[in-house]
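Engineer: Just one file: run.pdb, with PDB, C-alpha atoms and all ligand atoms.
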```
ATOM      1  CA  MET A 927      96.976  85.820 118.165  1.00  0.00           C
ATOM      2  CA  LYS A 928      93.527  87.381 118.407  1.00  0.00           C
ATOM      3  CA  VAL A 929      93.256  91.118 117.716  1.00  0.00           C
ATOM      4  CA  ILE A 930      90.428  93.373 118.921  1.00  0.00           C
ATOM      5  CA  MET A 931      90.500  96.876 117.444  1.00  0.00           C
ATOM      6  CA  LEU A 932      88.855  99.651 119.458  1.00  0.00           C
ATOM      7  CA  PRO A 933      88.895 103.204 118.069  1.00  0.00           C
ATOM      8  CA  VAL A 934      88.922 105.400 121.200  1.00  0.00           C
ATOM      9  CA  GLY A 935      88.725 109.072 122.095  1.00  0.00           C
ATOM     10  CA  PRO A 936      87.811 112.218 120.167  1.00  0.00           C
ATOM     11  CA  ILE A 937      90.354 111.652 117.383  1.00  0.00           C
ATOM     12  CA  GLU A 938      89.741 107.912 117.212  1.00  0.00           C
ATOM     13  CA  ALA A 939      93.142 106.491 117.983  1.00  0.00           C
ATOM     14  CA  ASN A 940      93.096 102.722 117.554  1.00  0.00           C
ATOM     15  CA  CYS A 941      93.554 100.785 120.770  1.00  0.00           C
ATOM     16  CA  PHE A 942      94.276  97.075 120.290  1.00  0.00           C
ATOM     17  CA  VAL A 943      93.674  94.272 122.726  1.00  0.00           C
ATOM     18  CA  VAL A 944      95.733  91.273 121.570  1.00  0.00           C
ATOM     19  CA  TYR A 945      95.606  87.886 123.220  1.00  0.00           C
ATOM     20  CA  ASP A 946      96.386  84.194 123.104  1.00  0.00           C
ATOM     21  CA  GLU A 947      93.124  82.255 122.886  1.00  0.00           C
ATOM     22  CA  GLU A 948      94.388  79.292 124.905  1.00  0.00           C
ATOM     23  CA  THR A 949      96.178  80.958 127.786  1.00  0.00           C
ATOM     24  CA  LYS A 950      94.112  84.211 127.721  1.00  0.00           C
ATOM     25  CA  GLU A 951      97.334  86.147 128.194  1.00  0.00           C
ATOM     26  CA  ALA A 952      96.936  89.600 126.683  1.00  0.00           C
ATOM     27  CA  ALA A 953      98.519  92.955 125.920  1.00  0.00           C
ATOM     28  CA  VAL A 954      96.827  96.293 125.383  1.00  0.00           C
ATOM     29  CA  ILE A 955      98.456  98.437 122.729  1.00  0.00           C
ATOM     30  CA  ASP A 956      97.835 102.211 122.929  1.00  0.00           C
ATOM     31  CA  PRO A 957      94.996 102.636 125.414  1.00  0.00           C
ATOM     32  CA  GLY A 958      94.463 106.250 124.356  1.00  0.00           C
ATOM     33  CA  ALA A 959      91.107 106.959 126.012  1.00  0.00           C
ATOM     34  CA  ASP A 960      87.829 105.277 127.042  1.00  0.00           C
ATOM     35  CA  GLY A 961      89.463 103.166 129.748  1.00  0.00           C
ATOM     36  CA  LYS A 962      86.116 101.756 130.857  1.00  0.00           C
ATOM     37  CA  ARG A 963      85.341 100.404 127.416  1.00  0.00           C
ATOM     38  CA  ILE A 964      88.790  98.820 127.106  1.00  0.00           C
ATOM     39  CA  ILE A 965      88.431  97.196 130.534  1.00  0.00           C
ATOM     40  CA  GLN A 966      84.962  95.902 129.628  1.00  0.00           C
ATOM     41  CA  GLU A 967      86.463  94.213 126.581  1.00  0.00           C
ATOM     42  CA  ILE A 968      89.243  92.681 128.704  1.00  0.00           C
ATOM     43  CA  ASN A 969      86.705  91.331 131.203  1.00  0.00           C
ATOM     44  CA  LYS A 970      84.317  90.101 128.526  1.00  0.00           C
ATOM     45  CA  HIS A 971      87.026  87.761 127.202  1.00  0.00           C
ATOM     46  CA  ASP A 972      88.391  86.946 130.662  1.00  0.00           C
ATOM     47  CA  LEU A 973      91.887  88.137 129.727  1.00  0.00           C
ATOM     48  CA  LYS A 974      95.007  88.351 131.841  1.00  0.00           C
ATOM     49  CA  VAL A 975      96.706  91.536 130.680  1.00  0.00           C
ATOM     50  CA  LYS A 976     100.472  91.301 131.161  1.00  0.00           C
ATOM     51  CA  TYR A 977     101.540  94.367 129.236  1.00  0.00           C
ATOM     52  CA  ILE A 978     100.406  97.805 128.182  1.00  0.00           C
ATOM     53  CA  ILE A 979     102.508  98.854 125.199  1.00  0.00           C
ATOM     54  CA  ASN A 980     102.594 102.411 123.846  1.00  0.00           C
ATOM     55  CA  THR A 981     103.729 102.745 120.228  1.00  0.00           C
ATOM     56  CA  HIS A 982     104.770 106.306 121.122  1.00  0.00           C
ATOM     57  CA  GLY A 983     104.198 108.949 123.770  1.00  0.00           C
ATOM     58  CA  HIS A 984     101.415 111.115 122.343  1.00  0.00           C
ATOM     59  CA  ALA A 985      98.323 111.833 124.447  1.00  0.00           C
ATOM     60  CA  ASP A 986      95.869 110.165 122.074  1.00  0.00           C
ATOM     61  CA  HIS A 987      97.724 106.838 122.552  1.00  0.00           C
ATOM     62  CA  ILE A 988      98.449 106.981 126.305  1.00  0.00           C
ATOM     63  CA  GLY A 989      95.383 108.644 127.897  1.00  0.00           C
ATOM     64  CA  ALA A 990      93.966 105.480 129.496  1.00  0.00           C
ATOM     65  CA  ASN A 991      97.315 103.951 130.561  1.00  0.00           C
ATOM     66  CA  LEU A 992      96.452 104.695 134.199  1.00  0.00           C
ATOM     67  CA  ASP A 993      92.941 103.195 134.080  1.00  0.00           C
ATOM     68  CA  VAL A 994      94.147 100.007 132.390  1.00  0.00           C
ATOM     69  CA  LYS A 995      97.164  99.694 134.672  1.00  0.00           C
ATOM     70  CA  ASN A 996      95.092 100.204 137.814  1.00  0.00           C
ATOM     71  CA  SER A 997      92.559  97.608 136.768  1.00  0.00           C
ATOM     72  CA  THR A 998      94.980  94.953 135.454  1.00  0.00           C
ATOM     73  CA  GLY A 999      98.341  95.523 137.184  1.00  0.00           C
ATOM     74  CA  ALA A1000      99.995  95.170 133.766  1.00  0.00           C
ATOM     75  CA  SER A1001     103.476  96.545 133.236  1.00  0.00           C
ATOM     76  CA  LEU A1002     103.707  99.638 131.053  1.00  0.00           C
ATOM     77  CA  MET A1003     106.170  99.586 128.164  1.00  0.00           C
ATOM     78  CA  ILE A1004     107.402 102.272 125.770  1.00  0.00           C
ATOM     79  CA  HIS A1005     110.619 102.848 123.798  1.00  0.00           C
ATOM     80  CA  GLU A1006     113.348 104.441 125.888  1.00  0.00           C
ATOM     81  CA  GLU A1007     113.440 107.561 123.688  1.00  0.00           C
ATOM     82  CA  ASP A1008     109.739 108.295 124.319  1.00  0.00           C
ATOM     83  CA  GLY A1009     109.767 107.188 127.976  1.00  0.00           C
ATOM     84  CA  ALA A1010     109.973 110.695 129.454  1.00  0.00           C
ATOM     85  CA  MET A1011     106.900 111.787 127.471  1.00  0.00           C
ATOM     86  CA  LEU A1012     104.620 109.738 129.751  1.00  0.00           C
ATOM     87  CA  THR A1013     105.216 112.064 132.687  1.00  0.00           C
ATOM     88  CA  ASP A1014     105.554 115.346 130.773  1.00  0.00           C
ATOM     89  CA  ALA A1015     102.244 116.929 129.756  1.00  0.00           C
ATOM     90  CA  ASN A1016     103.979 119.281 127.324  1.00  0.00           C
ATOM     91  CA  SER A1017     105.920 116.712 125.351  1.00  0.00           C
ATOM     92  CA  ASN A1018     103.036 114.201 125.278  1.00  0.00           C
ATOM     93  CA  LEU A1019     100.828 117.039 123.972  1.00  0.00           C
ATOM     94  CA  SER A1020      98.116 116.428 126.587  1.00  0.00           C
ATOM     95  CA  VAL A1021      98.234 120.074 127.777  1.00  0.00           C
ATOM     96  CA  PHE A1022      96.890 121.032 124.372  1.00  0.00           C
ATOM     97  CA  MET A1023      93.912 118.720 124.932  1.00  0.00           C
ATOM     98  CA  GLY A1024      93.217 120.167 128.393  1.00  0.00           C
ATOM     99  CA  ARG A1025      94.162 116.947 130.169  1.00  0.00           C
ATOM    100  CA  GLY A1026      97.637 117.170 131.658  1.00  0.00           C
ATOM    101  CA  ILE A1027      98.757 113.521 131.601  1.00  0.00           C
ATOM    102  CA  THR A1028     101.761 113.038 133.942  1.00  0.00           C
ATOM    103  CA  LYS A1029     101.349 109.404 135.065  1.00  0.00           C
ATOM    104  CA  PRO A1030     101.916 106.542 135.225  1.00  0.00           C
ATOM    105  CA  ALA A1031     105.640 106.382 134.472  1.00  0.00           C
ATOM    106  CA  PRO A1032     106.814 103.444 132.343  1.00  0.00           C
ATOM    107  CA  ASP A1033     107.808 100.184 134.018  1.00  0.00           C
ATOM    108  CA  VAL A1034     109.884  98.881 131.105  1.00  0.00           C
ATOM    109  CA  LEU A1035     111.849 100.833 128.492  1.00  0.00           C
ATOM    110  CA  LEU A1036     111.900  99.040 125.151  1.00  0.00           C
ATOM    111  CA  HIS A1037     114.687  98.788 122.592  1.00  0.00           C
ATOM    112  CA  GLU A1038     115.032  97.685 118.981  1.00  0.00           C
ATOM    113  CA  GLY A1039     114.890  93.904 118.783  1.00  0.00           C
ATOM    114  CA  ASP A1040     113.091  93.288 122.085  1.00  0.00           C
ATOM    115  CA  VAL A1041     110.619  90.405 121.943  1.00  0.00           C
ATOM    116  CA  ILE A1042     107.395  90.548 123.965  1.00  0.00           C
ATOM    117  CA  GLU A1043     105.740  87.187 124.739  1.00  0.00           C
ATOM    118  CA  ILE A1044     101.962  86.953 124.914  1.00  0.00           C
ATOM    119  CA  GLY A1045     101.023  83.330 125.535  1.00  0.00           C
ATOM    120  CA  SER A1046     102.362  81.319 122.614  1.00  0.00           C
ATOM    121  CA  SER A1047     102.660  84.426 120.419  1.00  0.00           C
ATOM    122  CA  THR A1048     105.347  87.057 120.303  1.00  0.00           C
ATOM    123  CA  LEU A1049     105.629  90.652 119.158  1.00  0.00           C
ATOM    124  CA  LYS A1050     108.991  91.998 118.038  1.00  0.00           C
ATOM    125  CA  VAL A1051     109.890  95.622 118.710  1.00  0.00           C
ATOM    126  CA  VAL A1052     111.213  97.656 115.810  1.00  0.00           C
ATOM    127  CA  HIS A1053     112.339 101.256 116.423  1.00  0.00           C
ATOM    128  CA  THR A1054     110.789 103.540 113.803  1.00  0.00           C
ATOM    129  CA  PRO A1055     111.644 107.181 114.598  1.00  0.00           C
ATOM    130  CA  GLY A1056     110.185 110.010 112.513  1.00  0.00           C
ATOM    131  CA  HIS A1057     106.749 110.696 114.028  1.00  0.00           C
ATOM    132  CA  THR A1058     108.413 110.838 117.464  1.00  0.00           C
ATOM    133  CA  LYS A1059     111.996 109.970 118.418  1.00  0.00           C
ATOM    134  CA  GLY A1060     111.004 106.774 120.203  1.00  0.00           C
ATOM    135  CA  GLY A1061     108.202 105.542 117.970  1.00  0.00           C
ATOM    136  CA  ILE A1062     108.007 101.771 117.588  1.00  0.00           C
ATOM    137  CA  CYS A1063     106.134  99.227 115.542  1.00  0.00           C
ATOM    138  CA  LEU A1064     105.352  95.739 116.851  1.00  0.00           C
ATOM    139  CA  TYR A1065     105.190  92.778 114.517  1.00  0.00           C
ATOM    140  CA  ASN A1066     105.202  89.038 114.034  1.00  0.00           C
ATOM    141  CA  GLU A1067     104.675  86.806 110.994  1.00  0.00           C
ATOM    142  CA  GLU A1068     100.958  87.747 110.816  1.00  0.00           C
ATOM    143  CA  VAL A1069     100.448  91.317 112.011  1.00  0.00           C
ATOM    144  CA  CYS A1070     102.189  94.658 112.395  1.00  0.00           C
ATOM    145  CA  PHE A1071     101.004  97.398 114.761  1.00  0.00           C
ATOM    146  CA  SER A1072     102.372 100.512 113.088  1.00  0.00           C
ATOM    147  CA  GLY A1073     101.375 103.298 115.508  1.00  0.00           C
ATOM    148  CA  ASP A1074     101.468 106.716 113.864  1.00  0.00           C
ATOM    149  CA  THR A1075     104.343 105.671 111.575  1.00  0.00           C
ATOM    150  CA  LEU A1076     102.426 104.032 108.701  1.00  0.00           C
ATOM    151  CA  PHE A1077      98.731 104.433 107.821  1.00  0.00           C
ATOM    152  CA  ALA A1078      96.635 102.977 105.012  1.00  0.00           C
ATOM    153  CA  GLY A1079      97.619 105.244 102.115  1.00  0.00           C
ATOM    154  CA  SER A1080      99.503 107.720 104.272  1.00  0.00           C
ATOM    155  CA  ILE A1081     102.216 108.242 106.893  1.00  0.00           C
ATOM    156  CA  GLY A1082     102.376 109.939 110.302  1.00  0.00           C
ATOM    157  CA  ARG A1083     102.782 113.675 110.810  1.00  0.00           C
ATOM    158  CA  THR A1084     106.344 114.873 111.233  1.00  0.00           C
ATOM    159  CA  ASP A1085     105.650 118.452 112.408  1.00  0.00           C
ATOM    160  CA  PHE A1086     105.467 117.707 116.151  1.00  0.00           C
ATOM    161  CA  PRO A1087     108.585 118.054 118.366  1.00  0.00           C
ATOM    162  CA  GLY A1088     110.937 115.144 117.648  1.00  0.00           C
ATOM    163  CA  GLY A1089     109.426 114.547 114.208  1.00  0.00           C
ATOM    164  CA  SER A1090     111.456 114.190 111.008  1.00  0.00           C
ATOM    165  CA  TYR A1091     110.191 113.535 107.491  1.00  0.00           C
ATOM    166  CA  GLY A1092     113.517 112.027 106.428  1.00  0.00           C
ATOM    167  CA  GLU A1093     113.522 109.706 109.415  1.00  0.00           C
ATOM    168  CA  ILE A1094     109.950 108.473 109.048  1.00  0.00           C
ATOM    169  CA  ILE A1095     110.477 107.629 105.366  1.00  0.00           C
ATOM    170  CA  ASN A1096     113.732 105.892 106.222  1.00  0.00           C
ATOM    171  CA  SER A1097     112.070 103.978 109.082  1.00  0.00           C
ATOM    172  CA  ILE A1098     109.250 102.743 106.866  1.00  0.00           C
ATOM    173  CA  LYS A1099     111.515 101.819 103.953  1.00  0.00           C
ATOM    174  CA  THR A1100     114.193 100.057 105.970  1.00  0.00           C
ATOM    175  CA  LYS A1101     112.180  98.562 108.864  1.00  0.00           C
ATOM    176  CA  LEU A1102     108.644  97.887 107.571  1.00  0.00           C
ATOM    177  CA  MET A1103     108.858  97.407 103.811  1.00  0.00           C
ATOM    178  CA  PRO A1104     111.165  94.367 104.169  1.00  0.00           C
ATOM    179  CA  LEU A1105     108.308  92.545 105.977  1.00  0.00           C
ATOM    180  CA  ALA A1106     106.182  90.011 104.065  1.00  0.00           C
ATOM    181  CA  ASP A1107     103.402  91.272 101.751  1.00  0.00           C
ATOM    182  CA  GLU A1108     100.608  89.444 103.517  1.00  0.00           C
ATOM    183  CA  ILE A1109     101.259  90.857 106.992  1.00  0.00           C
ATOM    184  CA  ILE A1110      98.207  92.791 108.185  1.00  0.00           C
ATOM    185  CA  VAL A1111      99.070  96.330 109.274  1.00  0.00           C
ATOM    186  CA  TYR A1112      97.026  97.819 112.118  1.00  0.00           C
ATOM    187  CA  PRO A1113      97.760 101.557 112.235  1.00  0.00           C
ATOM    188  CA  GLY A1114      97.287 104.026 115.075  1.00  0.00           C
ATOM    189  CA  HIS A1115      94.431 105.670 113.195  1.00  0.00           C
ATOM    190  CA  GLY A1116      92.127 104.497 110.432  1.00  0.00           C
ATOM    191  CA  PRO A1117      91.566 101.133 108.779  1.00  0.00           C
ATOM    192  CA  ALA A1118      93.851  98.114 108.593  1.00  0.00           C
ATOM    193  CA  THR A1119      95.926  97.460 105.464  1.00  0.00           C
ATOM    194  CA  THR A1120      98.765  95.120 104.467  1.00  0.00           C
ATOM    195  CA  ILE A1121     102.491  95.572 103.910  1.00  0.00           C
ATOM    196  CA  GLY A1122     102.069  94.582 100.242  1.00  0.00           C
ATOM    197  CA  GLN A1123      99.213  97.018  99.658  1.00  0.00           C
ATOM    198  CA  GLU A1124     101.270  99.905 101.089  1.00  0.00           C
ATOM    199  CA  ARG A1125     104.419  98.918  99.197  1.00  0.00           C
ATOM    200  CA  ARG A1126     102.460  98.983  95.931  1.00  0.00           C
ATOM    201  CA  THR A1127     100.173 102.000  96.450  1.00  0.00           C
ATOM    202  CA  ASN A1128     101.178 104.282  99.338  1.00  0.00           C
ATOM    203  CA  PRO A1129     101.897 107.657  97.640  1.00  0.00           C
ATOM    204  CA  PHE A1130     104.666 108.469 100.144  1.00  0.00           C
ATOM    205  CA  LEU A1131     106.542 105.277  99.274  1.00  0.00           C
ATOM    206  CA  VAL A1132     105.869 104.844  95.564  1.00  0.00           C
ATOM    207  CA  LYS A1133     108.413 107.111  93.928  1.00  0.00           C
TER     208      LYS A1133
HETATM  209 ZN    ZN A1201     101.159 110.500 117.491  1.00  0.00          ZN
HETATM  210 ZN    ZN A1202      97.883 109.353 117.064  1.00  0.00          ZN
END
```
With the file now loaded, output its structure as structure tokens.
Ligand SMILES: [Zn+2]
Ligand SMILES: [Zn+2]

Structural biologist:
Amino acid sequence: MKVIMLPVGPIEANCFVVYDEETKEAAVIDPGADGKRIIQEINKHDLKVKYIINTHGHADHIGANLDVKNSTGASLMIHEEDGAMLTDANSNLSVFMGRGITKPAPDVLLHEGDVIEIGSSTLKVVHTPGHTKGGICLYNEEVCFSGDTLFAGSIGRTDFPGGSYGEIINSIKTKLMPLADEIIVYPGHGPATTIGQERRTNPFLVK
């Protein structure tokens, strides 16, 4: 699976375009802003985007859902517990950024254990509440897209509505730390890391 990382928007949320090199089937993870730039990247590689996947419902991760959906016809996926955030400008925090995001609504509500097929690759859905109630990470044997749950050397904020420090620590320890050391972690903000690096050095986990 090929991974293109595009930091987008004023607070540089990482958008990822992932695709199968042979079939050109693709998914866009967290198109938070800069729809035009994301679409340019899709067109440059001649990709067929099947899915838009939101790791959670915050504005900085969903802001270009509409642009990408309109241009690709992809189906929009988010965990069922964050689904309502996509059409509620208060709960997705977009009112505080002067935007007011209320569409599009999700096409598919995801659950723990769902498997998303992208060409010959797959991404497994793991429910990791704590930053939001319906936060998810997506992983396979090579990569893990960790949203705002796990960052290089840090973890997501837990002071927004639906957040819980106890839950985010539990999610990371029980759902992500069992993954293999060499898996590359692509967080929702900041640089990539690995599961092993975080297990050994992340100050929120080393105790
Ligand atoms: Zn967030
Ligand atoms: Zn974020």

Engineer: Please enumerate the residues selected by the PyMOL selection byres (((chain A and resi 1131) around 12) and not hetatm) when evaluated against the supplied file, formatted as a list in words.

Structural biologist: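 Output of the PyMOL selection byres (((chain A and resi 1131) around 12) and not hetatm): Leu1076, Phe1077, Ala1078, Gly1079, Ser1080, Ile1081, Ile1094, Ile1095, Asn1096, Ser1097, Ile1098, Lys1099, Thr1100, Leu1102, Met1103, Ile1121, Gly1122, Gln1123, Glu1124, Arg1125, Arg1126, Thr1127, Asn1128, Pro1129, Phe1130, Val1132 and Lys1133 of chain A.
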
Engineer: Taking only C-alpha atoms into account, which of A:Ala953, A:Val994, A:Met1003, A:Ile937 comes nearest Val1034 of chain A?

Structural biologist: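 Counting only C-alpha atoms, the residue closest to Val1034 of chain A is A:Met1003.
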
Engineer: So which one's closest to ligand ZN 1202 (chain A), A:Thr1120, A:Gln966, A:Thr1028, A:Thr981? Using only C-alpha atoms and all ligand atoms, please.

Structural biologist: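 Using only C-alpha atoms and all ligand atoms, the shortest distance to ligand ZN 1202 (chain A) belongs to A:Thr981.
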
Engineer: For ligand ZN 1202 (chain A), which residue among A:Leu1036, A:Leu1002, A:Leu973, A:Ala959 is the nearest when counting all atoms listed in the file?

Structural biologist: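 Answer, going by the shortest atom-to-atom distance: A:Ala959.
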
Engineer: Can you give me, as a ChimeraX atom specification, the residues this file yields under the PyMOL selection byres (((chain A and resi 984) around 12) and not hetatm)?

Structural biologist: /A:939,956-959,980-983,985-991,1004,1008-1023,1026-1028,1057-1061,1073-1074,1083,1086-1089,1114
